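Undergrad: Quick one: the structure is below, and I'll ask about it shortly.
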Amino acid sequence: MIWDSWNQFWNMGGYGLYVWGSMGVTVACMAIEVWQARLARKQLLTQLRAEYEGNL
Amino acid sequence: MNIFRANFWFHYAGPQAFYGLAGRLWPCFAALAAVLGVWGLWLGFMVAPADAQQGEGYRIIFVHVPVSWMSMVIYLAMAFWSVLGLTFNTRLSGMMTRALAPTGAMFAFLSLWTGALWGKPMWGTWWVWDARLTSELILFFLYLGYIALTSAIDDQRRGDRAGALIAIVGAINVPIIYFSVKWWNTLHQGASVSLTKSPSMAQVMLWGMLLMAMCFWFYTIALVLFRVRTTILQRESHTAWVQAIAQEAA
């Protein structure tokens, strides 16, 4: 293990803001993208069902 | 099923067949991405030692280089689908190009974002108007332009063709980004990994970075397959098979 404590890990030798700012925004963007893709599918299926039922 | 026959490929270029195929494939790619991501982050943050010059700050490389590669690769993939679409007039090509664009834009944004956060402590500035950074910014705008143009045209097939032109013409920018550090004097460092000479970084750092790159590749494939399925349902909503799926999912 290269870290002695969690504190040291989060501090990143003084570069914590830059390293975690990069990682955090990357993870957040990916999470939002996945959530959006799932939401779009759900919404479309709901909308399609409503349209089909309207046609019956 | 013989992958060496043209029929095989044209079969899966049909929306219904591709919908099924993509549905079977995306969970596999998502699982691969998760495993490689954990492995890569482990190497990058728990195993790789600090850098001699940049201390712990260099660890931004484990996300910055892979997202920058992806931003270029995805644009080339869009150009590839666009050429196929304009040549064979297959419906799937436009849908694939559209499904790729948001993820490409996201990676281009992340490339700029992580680059700024790396530039500030190491160069003393968030941003400089040099060749590498400016051409990457142009790539980001090309993605946004593609998305804006294709969503502004109501006729989807016309939108596909107009978008294909942006994708193909804009692809010229990708080698410019890649070679910018060679062609112009720039603050940005040279390529971290090159095909012609051995990498200028320690083995474990290199592996961490390559694993993260593969993680983002598989993430992109999984997400694009998932997204294109939604687009297929939307465009084929007049067909009986889509109707069956919509009612089944209730």
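Lettering and numbering for the structure tokens are positional, with chains as A, B, ... in the shown order, residues counted from 1 in each chain, and ligands counted from 1 in the shown order.
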Against chain B, which residues of chain A fall within 6 Å? For each one I want the closest pair of atoms and the distance in Å (one decimal), counting only C-alpha atoms, rows by chain and increasing residue number, as JSON lines.
TA:
{"residue": "A:Met12", "atom": "CA", "partner": "B:Glu56", "partner_atom": "CA", "distance": 5.4}
{"residue": "A:Gly13", "atom": "CA", "partner": "B:Glu56", "partner_atom": "CA", "distance": 5.6}
{"residue": "A:Tyr15", "atom": "CA", "partner": "B:Gly57", "partner_atom": "CA", "distance": 5.2}
{"residue": "A:Tyr18", "atom": "CA", "partner": "B:Leu117", "partner_atom": "CA", "distance": 5.1}
{"residue": "A:Val19", "atom": "CA", "partner": "B:Ile60", "partner_atom": "CA", "distance": 5.5}
{"residue": "A:Ser22", "atom": "CA", "partner": "B:Thr114", "partner_atom": "CA", "distance": 5.0}
{"residue": "A:Arg41", "atom": "CA", "partner": "B:Thr230", "partner_atom": "CA", "distance": 5.4}
{"residue": "A:Leu45", "atom": "CA", "partner": "B:Ala246", "partner_atom": "CA", "distance": 5.5}
{"residue": "A:Arg49", "atom": "CA", "partner": "B:Ala246", "partner_atom": "CA", "distance": 5.9}
Undergrad: Can I get the selected residues back with all heavy atoms, as a tab-separated table (two decimals), in the first residue's frame?
TA:
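Wrote part_0.tsv, looks like this:
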chain	number	residue	atom	x	y	z
A	12	MET	N	-3.78	13.85	-1.54
A	12	MET	CA	-3.04	13.69	-2.81
A	12	MET	C	-1.82	14.59	-2.89
A	12	MET	O	-1.57	15.24	-3.91
A	12	MET	CB	-3.95	13.97	-4.01
A	12	MET	CG	-4.82	12.82	-4.42
A	12	MET	SD	-3.90	11.50	-5.21
A	12	MET	CE	-4.86	10.08	-4.73
A	13	GLY	N	-1.08	14.66	-1.81
A	13	GLY	CA	0.15	15.46	-1.80
A	13	GLY	C	-0.09	16.93	-2.11
A	13	GLY	O	0.75	17.58	-2.72
A	15	TYR	N	-2.46	18.03	-4.09
A	15	TYR	CA	-3.17	18.17	-5.36
A	15	TYR	C	-4.61	17.65	-5.28
A	15	TYR	O	-5.24	17.42	-6.31
A	15	TYR	CB	-2.44	17.41	-6.47
A	15	TYR	CG	-1.08	17.99	-6.80
A	15	TYR	CD1	0.09	17.31	-6.48
A	15	TYR	CD2	-0.97	19.22	-7.45
A	15	TYR	CE1	1.34	17.83	-6.79
A	15	TYR	CE2	0.27	19.75	-7.76
A	15	TYR	CZ	1.42	19.06	-7.43
A	15	TYR	OH	2.64	19.58	-7.74
A	18	TYR	N	-7.43	19.15	-7.42
A	18	TYR	CA	-7.31	18.93	-8.87
A	18	TYR	C	-7.59	17.48	-9.24
A	18	TYR	O	-8.34	17.19	-10.18
A	18	TYR	CB	-5.92	19.35	-9.34
A	18	TYR	CG	-5.60	20.77	-8.97
A	18	TYR	CD1	-4.74	21.07	-7.92
A	18	TYR	CD2	-6.22	21.83	-9.64
A	18	TYR	CE1	-4.47	22.38	-7.57
A	18	TYR	CE2	-5.97	23.13	-9.28
A	18	TYR	CZ	-5.10	23.41	-8.25
A	18	TYR	OH	-4.86	24.70	-7.89
A	19	VAL	N	-7.00	16.56	-8.46
A	19	VAL	CA	-7.20	15.14	-8.76
A	19	VAL	C	-8.66	14.74	-8.55
A	19	VAL	O	-9.30	14.15	-9.42
A	19	VAL	CB	-6.27	14.26	-7.91
A	19	VAL	CG1	-6.59	12.79	-8.09
A	19	VAL	CG2	-4.81	14.53	-8.26
A	22	SER	N	-11.15	16.26	-10.96
A	22	SER	CA	-11.18	15.55	-12.25
A	22	SER	C	-12.00	14.27	-12.14
A	22	SER	O	-12.89	14.00	-12.94
A	22	SER	CB	-9.76	15.17	-12.69
A	22	SER	OG	-8.98	16.32	-12.83
A	41	ARG	N	-35.50	5.86	-22.35
A	41	ARG	CA	-36.14	4.61	-22.77
A	41	ARG	C	-37.48	4.42	-22.06
A	41	ARG	O	-38.49	4.09	-22.67
A	41	ARG	CB	-35.21	3.43	-22.47
A	41	ARG	CG	-35.80	2.09	-22.86
A	41	ARG	CD	-34.86	0.94	-22.55
A	41	ARG	NE	-35.56	-0.32	-22.60
A	41	ARG	CZ	-35.75	-1.02	-23.71
A	41	ARG	NH1	-35.26	-0.60	-24.84
A	41	ARG	NH2	-36.40	-2.16	-23.67
A	45	LEU	N	-41.19	4.32	-23.87
A	45	LEU	CA	-42.09	3.17	-23.78
A	45	LEU	C	-43.45	3.59	-23.23
A	45	LEU	O	-44.49	3.14	-23.72
A	45	LEU	CB	-41.47	2.08	-22.89
A	45	LEU	CG	-40.34	1.29	-23.57
A	45	LEU	CD1	-39.65	0.37	-22.58
A	45	LEU	CD2	-40.87	0.49	-24.75
A	49	ARG	N	-46.93	3.32	-25.41
A	49	ARG	CA	-48.10	2.58	-24.92
A	49	ARG	C	-49.34	3.45	-24.96
A	49	ARG	O	-50.41	3.01	-25.38
A	49	ARG	CB	-47.84	2.09	-23.48
A	49	ARG	CG	-47.28	0.69	-23.41
A	49	ARG	CD	-47.42	0.11	-22.01
A	49	ARG	NE	-46.75	0.91	-21.00
A	49	ARG	CZ	-45.44	0.85	-20.77
A	49	ARG	NH1	-44.67	0.05	-21.49
A	49	ARG	NH2	-44.90	1.60	-19.83
Undergrad: What does the structure give for the distance between atom CA of B:Leu112 and atom CA of B:Leu142, in Å to one decimal?
TA: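 Distance reported for this atom pair: 14.2 Å.
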Undergrad: I need the helix (DSSP H, G or I) residues of stretch 2-237 of chain B per DSSP on the backbone, written as a ChimeraX atom specification.
TA: /B:6-12,15-47,56-88,91-123,131-152,156-170,173-183,203-235
